[in-house]
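**Q** So here's coords05.tsv (TSV, C-alpha atoms and all ligand atoms).
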chain	number	residue	atom	x	y	z
G	1	MET	CA	79.45	73.62	57.74
G	2	LEU	CA	80.60	71.57	60.69
G	3	THR	CA	83.68	72.31	62.79
G	4	THR	CA	85.45	69.60	64.80
G	5	LEU	CA	86.80	70.49	68.23
G	6	PRO	CA	88.27	68.43	71.07
G	7	GLY	CA	85.92	67.04	73.74
G	8	LEU	CA	85.47	69.97	76.15
G	9	ILE	CA	86.35	70.12	79.85
G	10	ASP	CA	84.13	71.81	82.42
G	11	ALA	CA	86.42	72.55	85.37
G	12	HIS	CA	83.62	73.40	87.83
G	13	VAL	CA	80.35	71.47	88.21
G	14	HIS	CA	78.12	70.32	91.06
G	15	LEU	CA	76.65	66.91	90.23
G	16	ARG	CA	75.09	66.68	93.73
G	17	THR	CA	76.09	63.09	94.49
G	18	PRO	CA	75.79	61.97	97.20
G	19	GLY	CA	72.88	63.36	99.10
G	20	GLN	CA	71.19	65.90	96.83
G	21	THR	CA	70.18	63.71	93.93
G	22	HIS	CA	66.72	65.29	93.71
G	23	LYS	CA	68.58	68.25	92.12
G	24	GLU	CA	70.94	66.25	89.85
G	25	ASP	CA	72.64	62.86	89.87
G	26	LEU	CA	75.67	61.40	88.15
G	27	SER	CA	73.59	59.99	85.32
G	28	THR	CA	71.54	63.12	84.54
G	29	GLY	CA	74.49	65.43	85.21
G	30	THR	CA	76.86	63.60	82.86
G	31	ARG	CA	74.16	63.36	80.19
G	32	ALA	CA	73.82	67.13	80.51
G	33	ALA	CA	77.60	67.38	80.18
G	34	LEU	CA	77.57	65.40	76.90
G	35	ALA	CA	74.64	67.45	75.60
G	36	GLY	CA	76.77	70.51	76.32
G	37	GLY	CA	79.85	69.18	74.49
G	38	PHE	CA	81.75	68.31	77.70
G	39	THR	CA	83.42	64.90	77.90
G	40	HIS	CA	85.30	65.57	81.13
G	41	VAL	CA	83.94	67.39	84.17
G	42	LEU	CA	85.52	68.32	87.50
G	43	ASP	CA	83.04	67.88	90.31
G	44	MET	CA	82.87	69.93	93.51
G	45	PRO	CA	82.94	68.42	97.02
G	46	ASN	CA	80.06	70.37	98.68
G	47	THR	CA	77.72	67.38	98.68
G	48	THR	CA	75.85	65.72	101.58
G	49	PRO	CA	78.08	64.52	103.16
G	50	PRO	CA	80.93	66.58	101.70
G	51	ILE	CA	83.95	64.81	100.13
G	52	VAL	CA	86.58	65.46	102.78
G	53	ASP	CA	88.29	62.15	103.63
G	54	ARG	CA	89.17	58.70	102.29
G	55	ALA	CA	85.78	57.12	103.03
G	56	THR	CA	83.70	59.83	101.34
G	57	LEU	CA	86.13	59.95	98.40
G	58	LEU	CA	86.06	56.21	97.76
G	59	ASP	CA	82.27	56.10	98.11
G	60	LYS	CA	81.89	58.89	95.58
G	61	LEU	CA	84.32	57.35	93.09
G	62	ALA	CA	82.45	54.04	93.31
G	63	ARG	CA	79.24	55.88	92.38
G	64	VAL	CA	81.05	57.63	89.52
G	65	ARG	CA	82.22	54.26	88.15
G	66	GLU	CA	78.67	52.94	88.26
G	67	ARG	CA	76.69	55.90	86.95
G	68	ALA	CA	78.74	58.44	85.01
G	69	HIS	CA	78.53	58.67	81.20
G	70	CYS	CA	81.60	60.87	80.76
G	71	ASP	CA	84.88	61.29	82.64
G	72	VAL	CA	84.41	62.75	86.11
G	73	ALA	CA	87.24	63.79	88.41
G	74	THR	CA	86.69	65.35	91.80
G	75	PHE	CA	87.91	67.96	94.22
G	76	LEU	CA	88.38	67.22	97.89
G	77	GLY	CA	87.05	69.80	100.32
G	78	GLY	CA	89.08	71.48	103.04
G	79	THR	CA	87.57	71.67	106.52
G	80	GLU	CA	88.77	73.36	109.70
G	81	ALA	CA	90.19	70.03	110.86
G	82	ASN	CA	91.34	67.94	107.87
G	83	ALA	CA	94.47	69.71	106.54
G	84	ALA	CA	96.87	66.90	107.53
G	85	THR	CA	94.65	63.95	106.58
G	86	VAL	CA	93.24	65.27	103.31
G	87	ALA	CA	96.74	66.01	102.00
G	88	LYS	CA	97.49	62.26	102.07
G	89	LEU	CA	94.83	61.74	99.37
G	90	ALA	CA	96.39	64.23	96.96
G	91	GLY	CA	98.01	61.62	94.71
G	92	HIS	CA	94.78	59.85	93.76
G	93	PRO	CA	94.45	59.92	89.95
G	94	LEU	CA	90.80	61.10	90.07
G	95	VAL	CA	91.47	63.89	92.58
G	96	VAL	CA	92.24	67.11	90.71
G	97	GLY	CA	92.75	69.48	93.61
G	98	LEU	CA	91.71	70.77	96.99
G	99	LYS	CA	88.75	73.16	97.13
G	100	LEU	CA	88.61	75.75	99.88
G	101	TYR	CA	85.45	77.74	100.56
G	102	LEU	CA	86.59	81.00	102.11
G	103	GLY	CA	83.08	82.47	102.00
G	104	ARG	CA	79.70	80.99	102.78
G	105	THR	CA	77.74	79.43	99.95
G	106	HIS	CA	75.58	76.33	99.36
G	107	GLY	CA	76.52	73.36	101.56
G	108	PRO	CA	78.46	72.89	104.78
G	109	LEU	CA	82.02	73.55	103.57
G	110	TYR	CA	83.34	76.85	104.93
G	111	LEU	CA	86.69	77.95	106.36
G	112	PRO	CA	86.13	80.94	108.63
G	113	HIS	CA	89.59	80.88	110.21
G	114	LEU	CA	92.77	82.18	108.64
G	115	SER	CA	94.77	79.50	110.45
G	116	SER	CA	93.00	76.66	108.63
G	117	MET	CA	93.52	78.35	105.27
G	118	VAL	CA	97.23	78.60	106.08
G	119	ASP	CA	97.36	74.96	107.27
G	120	HIS	CA	95.84	73.77	103.99
G	121	LEU	CA	98.17	75.82	101.81
G	122	ARG	CA	101.11	74.58	103.83
G	123	SER	CA	100.21	70.88	103.54
G	124	TRP	CA	98.35	70.31	100.26
G	125	PRO	CA	100.98	69.38	97.65
G	126	GLY	CA	98.98	70.22	94.51
G	127	ILE	CA	96.71	72.93	93.20
G	128	VAL	CA	94.29	74.65	95.56
G	129	ALA	CA	91.06	76.01	94.07
G	130	VAL	CA	89.31	78.69	96.07
G	131	HIS	CA	85.84	80.10	96.36
G	132	ALA	CA	87.14	83.52	97.37
G	133	GLU	CA	85.43	86.85	96.81
G	134	GLY	CA	86.79	90.34	97.44
G	135	TRP	CA	89.24	90.49	100.37
G	136	HIS	CA	89.25	86.69	100.55
G	137	LEU	CA	90.65	86.56	97.02
G	138	ALA	CA	93.40	89.05	97.87
G	139	ALA	CA	94.26	87.01	100.99
G	140	ALA	CA	94.32	83.73	99.05
G	141	ILE	CA	96.68	85.15	96.42
G	142	GLY	CA	98.95	86.50	99.17
G	143	ILE	CA	99.05	83.29	101.22
G	144	ALA	CA	99.60	81.09	98.15
G	145	ARG	CA	102.55	83.31	97.26
G	146	LEU	CA	103.98	82.98	100.80
G	147	PHE	CA	103.98	79.20	100.49
G	148	GLY	CA	104.84	79.02	96.78
G	149	ARG	CA	101.63	77.11	95.98
G	150	PRO	CA	99.63	77.09	92.74
G	151	LEU	CA	96.24	78.75	93.28
G	152	HIS	CA	93.17	78.57	91.07
G	153	CYS	CA	90.53	81.28	91.58
G	154	CYS	CA	87.04	79.96	90.86
G	155	HIS	CA	84.30	82.05	89.23
G	156	VAL	CA	86.02	85.44	89.24
G	157	SER	CA	83.28	88.03	88.89
G	158	ARG	CA	84.47	91.52	89.78
G	159	GLU	CA	86.62	94.11	88.04
G	160	VAL	CA	88.98	94.53	90.99
G	161	GLU	CA	89.40	90.74	91.28
G	162	ILE	CA	90.43	90.22	87.67
G	163	GLU	CA	92.81	93.17	88.01
G	164	LEU	CA	94.47	91.58	91.05
G	165	ILE	CA	94.86	88.32	89.16
G	166	ARG	CA	96.37	90.13	86.19
G	167	ARG	CA	98.87	91.77	88.53
G	168	ALA	CA	99.72	88.48	90.29
G	169	LYS	CA	100.35	86.84	86.90
G	170	GLU	CA	102.52	89.75	85.79
G	171	LEU	CA	104.61	89.23	88.94
G	172	GLY	CA	105.04	85.56	88.06
G	173	ASP	CA	102.74	84.01	90.69
G	174	ARG	CA	101.32	80.58	89.87
G	175	VAL	CA	97.75	81.92	89.85
G	176	THR	CA	95.09	80.82	87.39
G	177	CYS	CA	91.41	81.65	87.15
G	178	GLU	CA	88.08	80.80	85.62
G	179	VAL	CA	84.96	82.82	84.88
G	180	THR	CA	81.40	81.59	84.44
G	181	PRO	CA	79.09	82.25	81.50
G	182	HIS	CA	76.60	83.92	83.83
G	183	HIS	CA	79.16	86.50	84.93
G	184	LEU	CA	80.19	87.01	81.28
G	185	PHE	CA	76.66	87.43	79.93
G	186	LEU	CA	74.43	88.63	82.80
G	187	THR	CA	74.54	91.58	85.22
G	188	GLU	CA	72.60	92.88	88.20
G	189	ASP	CA	70.11	94.34	85.70
G	190	ASP	CA	69.23	90.77	84.70
G	191	ALA	CA	69.01	89.87	88.38
G	192	ARG	CA	66.12	92.30	88.78
G	193	ARG	CA	64.32	90.60	85.89
G	194	LEU	CA	65.10	87.02	86.95
G	195	GLY	CA	64.52	87.37	90.70
G	196	PRO	CA	65.62	84.32	92.72
G	197	LEU	CA	66.53	82.41	89.54
G	198	SER	CA	69.55	84.69	89.20
G	199	ASP	CA	70.79	84.24	92.76
G	200	MET	CA	74.22	82.64	92.86
G	201	ARG	CA	77.58	83.04	94.62
G	202	PRO	CA	79.28	85.21	93.56
G	203	THR	CA	76.21	87.33	92.80
G	204	LEU	CA	75.90	88.98	89.38
G	205	GLY	CA	78.07	92.08	89.01
G	206	THR	CA	77.62	95.49	87.43
G	207	THR	CA	78.01	96.10	83.71
G	208	ALA	CA	81.48	97.49	84.56
G	209	ASP	CA	82.38	94.16	86.21
G	210	ARG	CA	81.11	92.17	83.24
G	211	ASP	CA	82.93	94.44	80.78
G	212	ALA	CA	86.16	94.10	82.79
G	213	LEU	CA	86.01	90.31	82.41
G	214	TRP	CA	85.73	90.66	78.63
G	215	ALA	CA	88.48	93.31	78.57
G	216	ASN	CA	90.78	90.92	80.47
G	217	LEU	CA	90.00	87.83	78.43
G	218	GLU	CA	93.70	87.03	77.98
G	219	VAL	CA	94.09	86.81	81.77
G	220	ILE	CA	91.34	84.17	82.01
G	221	ASP	CA	92.46	80.53	81.88
G	222	CYS	CA	89.08	78.78	81.66
G	223	VAL	CA	85.39	79.34	81.27
G	224	ALA	CA	83.69	76.95	83.71
G	225	SER	CA	79.94	76.64	84.05
G	226	ASP	CA	79.70	76.32	87.87
G	227	HIS	CA	76.73	74.12	86.96
G	228	ALA	CA	74.81	74.37	90.26
G	229	PRO	CA	71.40	72.80	89.73
G	230	HIS	CA	68.58	73.43	92.21
G	231	THR	CA	64.94	72.62	91.51
G	232	LEU	CA	62.58	75.36	90.38
G	233	GLU	CA	60.51	74.73	93.51
G	234	GLU	CA	63.56	75.39	95.67
G	235	LYS	CA	64.51	78.49	93.69
G	236	ARG	CA	60.98	79.88	93.97
G	237	GLY	CA	60.55	78.80	97.59
G	238	ALA	CA	60.95	80.70	100.84
G	239	ASP	CA	64.73	80.24	101.17
G	240	PRO	CA	66.14	79.92	97.63
G	241	PRO	CA	69.57	78.25	97.46
G	242	PRO	CA	72.22	80.05	95.35
G	243	GLY	CA	73.27	78.57	92.02
G	244	VAL	CA	72.25	78.14	88.39
G	245	PRO	CA	72.66	75.26	85.92
G	246	GLY	CA	75.07	75.82	83.04
G	247	LEU	CA	76.42	72.64	81.44
G	248	GLU	CA	74.19	72.84	78.37
G	249	THR	CA	74.23	76.59	77.77
G	250	THR	CA	77.96	77.36	78.08
G	251	LEU	CA	79.03	76.17	74.62
G	252	PRO	CA	76.16	77.78	72.67
G	253	LEU	CA	76.69	81.08	74.52
G	254	LEU	CA	80.39	81.07	73.67
G	255	LEU	CA	79.78	79.99	70.05
G	256	ASN	CA	77.35	82.91	69.82
G	257	ALA	CA	80.08	85.21	71.15
G	258	VAL	CA	82.38	83.85	68.41
G	259	HIS	CA	79.65	84.59	65.87
G	260	GLU	CA	79.39	88.14	67.22
G	261	GLY	CA	83.16	88.60	66.90
G	262	ARG	CA	83.76	88.98	70.64
G	263	LEU	CA	85.95	85.87	70.82
G	264	SER	CA	87.97	83.81	68.36
G	265	LEU	CA	87.23	80.12	67.92
G	266	ASP	CA	90.82	79.34	68.97
G	267	ARG	CA	90.28	81.25	72.21
G	268	LEU	CA	87.02	79.37	72.82
G	269	VAL	CA	88.89	76.08	72.53
G	270	GLU	CA	91.59	77.38	74.85
G	271	LEU	CA	89.02	78.43	77.47
G	272	LEU	CA	87.01	75.19	77.33
G	273	TYR	CA	89.79	72.68	76.70
G	274	GLY	CA	93.45	73.72	76.69
G	275	GLY	CA	93.12	76.04	79.70
G	276	PRO	CA	91.42	73.62	82.11
G	277	ARG	CA	93.61	70.76	80.90
G	278	GLY	CA	96.72	72.78	81.64
G	279	VAL	CA	95.54	74.15	85.00
G	280	TYR	CA	94.76	70.70	86.40
G	281	GLY	CA	97.20	68.59	84.34
G	282	LEU	CA	94.41	66.40	82.95
G	283	PRO	CA	95.10	63.39	80.72
G	284	ARG	CA	94.17	63.45	77.03
G	285	GLN	CA	91.03	61.53	76.06
G	286	SER	CA	91.80	59.46	72.98
G	287	GLU	CA	89.46	59.60	69.92
G	288	THR	CA	87.31	62.21	71.67
G	289	THR	CA	85.89	65.07	69.63
G	290	ILE	CA	82.78	67.19	69.21
G	291	GLU	CA	81.25	68.71	66.10
G	292	VAL	CA	79.54	72.08	66.10
G	293	ASP	CA	77.47	73.92	63.52
G	294	ARG	CA	78.65	77.48	63.98
G	295	SER	CA	75.80	79.11	62.12
G	296	ALA	CA	72.78	77.08	63.37
G	297	ARG	CA	70.25	79.30	65.13
G	298	HIS	CA	68.33	78.20	68.17
G	299	VAL	CA	66.76	79.57	71.31
G	300	LEU	CA	67.98	78.50	74.75
G	301	SER	CA	65.21	76.87	76.70
G	302	GLY	CA	64.92	74.86	79.91
G	303	ASP	CA	62.61	72.19	78.58
G	304	THR	CA	65.12	70.93	76.01
G	305	LEU	CA	67.78	70.26	78.69
G	306	TYR	CA	69.06	66.97	80.10
G	307	THR	CA	69.85	68.41	83.53
G	308	LYS	CA	67.37	67.17	86.13
G	309	CYS	CA	66.41	70.73	87.10
G	310	ARG	CA	65.41	71.69	83.53
G	311	TRP	CA	65.56	75.46	83.74
G	312	THR	CA	68.08	78.06	82.68
G	313	PRO	CA	68.64	81.73	83.52
G	314	PHE	CA	69.18	82.20	79.75
G	315	GLU	CA	65.61	81.12	78.88
G	316	GLY	CA	64.48	82.62	75.55
G	317	MET	CA	67.91	83.85	74.46
G	318	PRO	CA	68.50	83.39	70.71
G	319	VAL	CA	71.99	82.13	69.84
G	320	ARG	CA	73.97	81.07	66.79
G	321	GLY	CA	76.07	77.97	67.14
G	322	ARG	CA	75.00	74.52	68.16
G	323	LEU	CA	76.47	71.18	69.19
G	324	VAL	CA	75.89	68.47	66.57
G	325	SER	CA	77.74	65.40	67.83
G	326	VAL	CA	80.03	64.08	70.55
G	327	THR	CA	82.41	61.14	70.17
G	328	LEU	CA	83.91	59.80	73.39
G	329	ARG	CA	86.77	57.30	72.94
G	330	GLY	CA	85.53	56.44	69.48
G	331	LYS	CA	81.88	56.00	70.46
G	332	GLY	CA	79.06	58.32	69.32
G	333	VAL	CA	77.49	59.47	72.60
G	334	TYR	CA	75.56	62.49	71.27
G	335	VAL	CA	74.04	62.09	67.83
G	336	ASN	CA	71.34	64.13	66.02
G	337	GLY	CA	70.61	66.27	69.06
G	338	LYS	CA	70.22	63.29	71.41
G	339	VAL	CA	72.38	61.72	74.08
G	340	ARG	CA	72.96	58.04	73.25
G	341	VAL	CA	74.26	56.30	76.34
D	1	LIG	O1	75.92	79.77	93.46
D	1	LIG	C1	76.59	78.86	93.91
D	1	LIG	N1	76.09	77.61	94.03
D	1	LIG	N2	77.83	79.11	94.31
D	1	LIG	C2	78.55	78.20	94.97
D	1	LIG	O2	79.67	78.50	95.36
D	1	LIG	C3	77.99	76.87	95.29
D	1	LIG	C4	76.93	76.53	94.34
D	1	LIG	C5	76.09	75.31	94.73
D	1	LIG	O3	76.67	74.32	95.14
D	1	LIG	O4	74.87	75.38	94.58
D	2	ZN	ZN	81.98	78.68	94.56
D	3	ZN	ZN	80.53	76.05	92.42
Using structure tokens, write down the structure from this file.
Ligand code: DOR
Ligand code: ZN
Ligand code: ZN

**A**
Amino acid sequence: MLTTLPGLIDAHVHLRTPGQTHKEDLSTGTRAALAGGFTHVLDMPNTTPPIVDRATLLDKLARVRERAHCDVATFLGGTEANAATVAKLAGHPLVVGLKLYLGRTHGPLYLPHLSSMVDHLRSWPGIVAVHAEGWHLAAAIGIARLFGRPLHCCHVSREVEIELIRRAKELGDRVTCEVTPHHLFLTEDDARRLGPLSDMRPTLGTTADRDALWANLEVIDCVASDHAPHTLEEKRGADPPPGVPGLETTLPLLLNAVHEGRLSLDRLVELLYGGPRGVYGLPRQSETTIEVDRSARHVLSGDTLYTKCRWTPFEGMPVRGRLVSVTLRGKGVYVNGKVRV
């Protein structure tokens, strides 16, 4: 029996354009999105060059218009020097928010100084999304509160972090958060098995961290894939970059969790559609739906994927629940297990 759901939103992807298109490009990345049930993705600014001013923004949006097969909106990146100028771009309809990297990860964007974090939260008029782990997360929540700004915490992965967010919400702060499928379904035990393929930022947590995310499911606004493709050669090379792909495995993993009774279907839709739409105030896509077969069995495998990197940390995992079709603005764009664009 087929179930119809709205076209899903992935609030955190890295489509690698411009500059890193050997890992992914707008065409392969948005095909992967459709094959994962996502019709709208929010793309991160840590590209080469990063998206941090008017010129890089307009260049990227021109590429999106030319190459993307689903809706793509973007974050701008905060640097140590662009707080005043980047804030002027906040009203652009395809800019969903400002992304601040408080810790080091893949790419050049990084804000080591407290003063620049404060400058950005003072000047950016909309939602600020943060890559913030541990103390950085506590600081971000505190500073956002001081300036009365909405804060979105990306890829929350630790027990103490989700507890802080719960507390901030209880106190009425405008704080929202997302978790990734890898932090919901993998732990440091899997990291030992997967080696460099499991390296990402934040790193995988303990079973207690993973269990705390599930125990605090009502505190979580979105599940976002943090689709961070790198080639297998890079991941197995001398200096593996952090990140794992996720666009095509997120929905089956969550449908499997529904099958196992760990999640209701309504909550799945909230985490992959209503939550991200609400957090970023996204427009509705007309005549846009997906169909899933909730009982279909299959095994997750890299060589069936549309992402250019064609591997997954969930290789070999049996799941129940599969995407059957995607209709985007009335047009069948995923039919009989194939992207049709
Ligand atoms: O693992 C990660 N990979 N974490 C990030 O924050 C960035 C991402 C990437 O761009 O590869
Ligand atoms: Zn991040
Ligand atoms: Zn990311």

**Q** Please tabulate, as a Markdown table, the residues of chain G that come within 8 Å of ligand ZN 2 (chain D), each with its closest pair of atoms and the distance in Å to one decimal, counting only C-alpha atoms and all ligand atoms and ordering rows by chain, then residue number upward.

**A**
| residue | atom | partner | partner_atom | distance |
| --- | --- | --- | --- | --- |
| G:Tyr101 | CA | D:ZN2 | ZN | 7.0 |
| G:Thr105 | CA | D:ZN2 | ZN | 6.9 |
| G:Val130 | CA | D:ZN2 | ZN | 7.5 |
| G:His131 | CA | D:ZN2 | ZN | 4.5 |
| G:Ala132 | CA | D:ZN2 | ZN | 7.6 |
| G:Cys154 | CA | D:ZN2 | ZN | 6.4 |
| G:His155 | CA | D:ZN2 | ZN | 6.7 |
| G:Arg201 | CA | D:ZN2 | ZN | 6.2 |
| G:Pro202 | CA | D:ZN2 | ZN | 7.1 |
| G:Asp226 | CA | D:ZN2 | ZN | 7.5 |

**Q** Please report as a tab-separated table every residue of chain G lying within 7 Å of ligand ZN 3 (chain D), along with the nearest atom pair and their distance in Å (one decimal), using all atoms listed in the file.

**A**
residue	atom	partner	partner_atom	distance
G:His12	CA	D:ZN3	ZN	6.1
G:Val13	CA	D:ZN3	ZN	6.2
G:His14	CA	D:ZN3	ZN	6.4
G:Met44	CA	D:ZN3	ZN	6.6
G:Asp226	CA	D:ZN3	ZN	4.6
G:His227	CA	D:ZN3	ZN	6.9
G:Ala228	CA	D:ZN3	ZN	6.3

**Q** Just give me the residues with any atom within 9 Å of (68.7, 77.9, 78.0), file coordinates, counting all atoms listed in the file, written as a list of chain:residue names.

**A**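 It turns out the residues near that spot are G:Gly246, G:Glu248, G:Thr249, G:Val299, G:Leu300, G:Ser301, G:Gly302, G:Asp303, G:Thr304, G:Leu305, G:Arg310, G:Trp311, G:Thr312, G:Pro313, G:Phe314, G:Glu315, G:Gly316, G:Met317.
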
**Q** Pick out the closest residue to ligand LIG 1 (chain D) from this set: G:Ala238, G:Ala83, G:Leu197, G:Met1. Count all atoms listed in the file.

**A**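 Of G:Ala238, G:Ala83, G:Leu197, G:Met1, the one nearest ligand LIG 1 (chain D), counting all atoms listed in the file, is G:Leu197.
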
**Q** Suppose you want the space between CA of Gly243 in chain G and CA of Leu114 in chain G; what is it in Å?

**A**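 The value is 25.9 Å.
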
**Q** Could you list, as a list in words, every residue within 8 Å of range 53-64 of chain G, counting only C-alpha atoms and ignoring same-chain residues fewer than 5 positions away?

**A**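 Skipping anything fewer than 5 positions along the chain leaves Thr17, Pro18, Leu26, Val72, Leu76, Asn82, Thr85, Val86 and Leu89 of chain G.
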
**Q** Taking 4 positions as the minimum chain separation for residues in the same chain, which residues sit within 12 Å of range 147-149 of chain G when counting all atoms listed in the file? Answer as a short mmCIF file (atom, residue, chain, number, x, y, z; two decimals) with C-alpha atoms, in the frame of the given file.

**A**
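Generated output (out08.cif):
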data_model
loop_
_atom_site.label_atom_id
_atom_site.label_comp_id
_atom_site.auth_asym_id
_atom_site.auth_seq_id
_atom_site.Cartn_x
_atom_site.Cartn_y
_atom_site.Cartn_z
CA GLY G 97 92.75 69.48 93.61
CA LEU G 98 91.71 70.77 96.99
CA MET G 117 93.52 78.35 105.27
CA VAL G 118 97.23 78.60 106.08
CA ASP G 119 97.36 74.96 107.27
CA HIS G 120 95.84 73.77 103.99
CA LEU G 121 98.17 75.82 101.81
CA ARG G 122 101.11 74.58 103.83
CA SER G 123 100.21 70.88 103.54
CA TRP G 124 98.35 70.31 100.26
CA PRO G 125 100.98 69.38 97.65
CA GLY G 126 98.98 70.22 94.51
CA ILE G 127 96.71 72.93 93.20
CA VAL G 128 94.29 74.65 95.56
CA ALA G 129 91.06 76.01 94.07
CA ALA G 140 94.32 83.73 99.05
CA ILE G 141 96.68 85.15 96.42
CA GLY G 142 98.95 86.50 99.17
CA ILE G 143 99.05 83.29 101.22
CA GLY G 172 105.04 85.56 88.06
CA ASP G 173 102.74 84.01 90.69
CA ARG G 174 101.32 80.58 89.87
CA VAL G 175 97.75 81.92 89.85
CA THR G 176 95.09 80.82 87.39
#

**Q** In Å to one decimal, how far is CA of Val292 in chain G from CA of Pro318 in chain G?

**A** 16.5 Å

**Q** So how many Å separate CA of Ala81 in chain G and CA of Glu178 in chain G, to one decimal?

**A**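 Spanning CA of Ala81 in chain G to CA of Glu178 in chain G is a straight-line distance of 27.5 Å.
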
**Q** Go through G:Ile51, G:Ala35, G:Leu5, G:Leu151 one by one, measure the shortest atom-to-atom distance of each to Gly107 in chain G using all atoms listed in the file, and give the residue with the smallest value.

**A**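 For Gly107 in chain G, the nearest of the candidates is G:Ile51.
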
**Q** Counting all atoms listed in the file, figure out which residue out of G:His259, G:His298, G:His152, G:His136 gets nearest to Val279 in chain G.

**A**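 With all atoms listed in the file as the atom set, the closest residue is G:His152.
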
**Q** Restricting the calculation to all atoms listed in the file, which member of G:Gly103, G:Pro242, G:Gly281, G:Pro150 is positioned closest to ligand LIG 1 (chain D)?

**A**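 Distance minimum relative to ligand LIG 1 (chain D) lands on G:Pro242.
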
**Q** Please check which residues have atoms at most 12 Å from (79.7, 85.5, 70.7) in the file's coordinates, counting all atoms listed in the file, and write them as an NGL selection string.

**A** :G and (181 or 184-185 or 214 or 250-265 or 267-268 or 294-295 or 318-321)

**Q** Could you list, as number ranges by chain, every residue within 12 Å of Ala138 in chain G, counting all atoms listed in the file and ignoring same-chain residues fewer than 5 positions away?

**A** G: 102, 130-133, 143-145, 151, 153, 156, 160-165, 167-168, 175

**Q** Kindly indicate which residue among G:Gly275, G:Pro45, G:Gly332, G:Gly134 lies nearest to ligand LIG 1 (chain D), using only C-alpha atoms and all ligand atoms for the distances.

**A**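 Looking at the shortest contact to ligand LIG 1 (chain D), the residue is G:Pro45.
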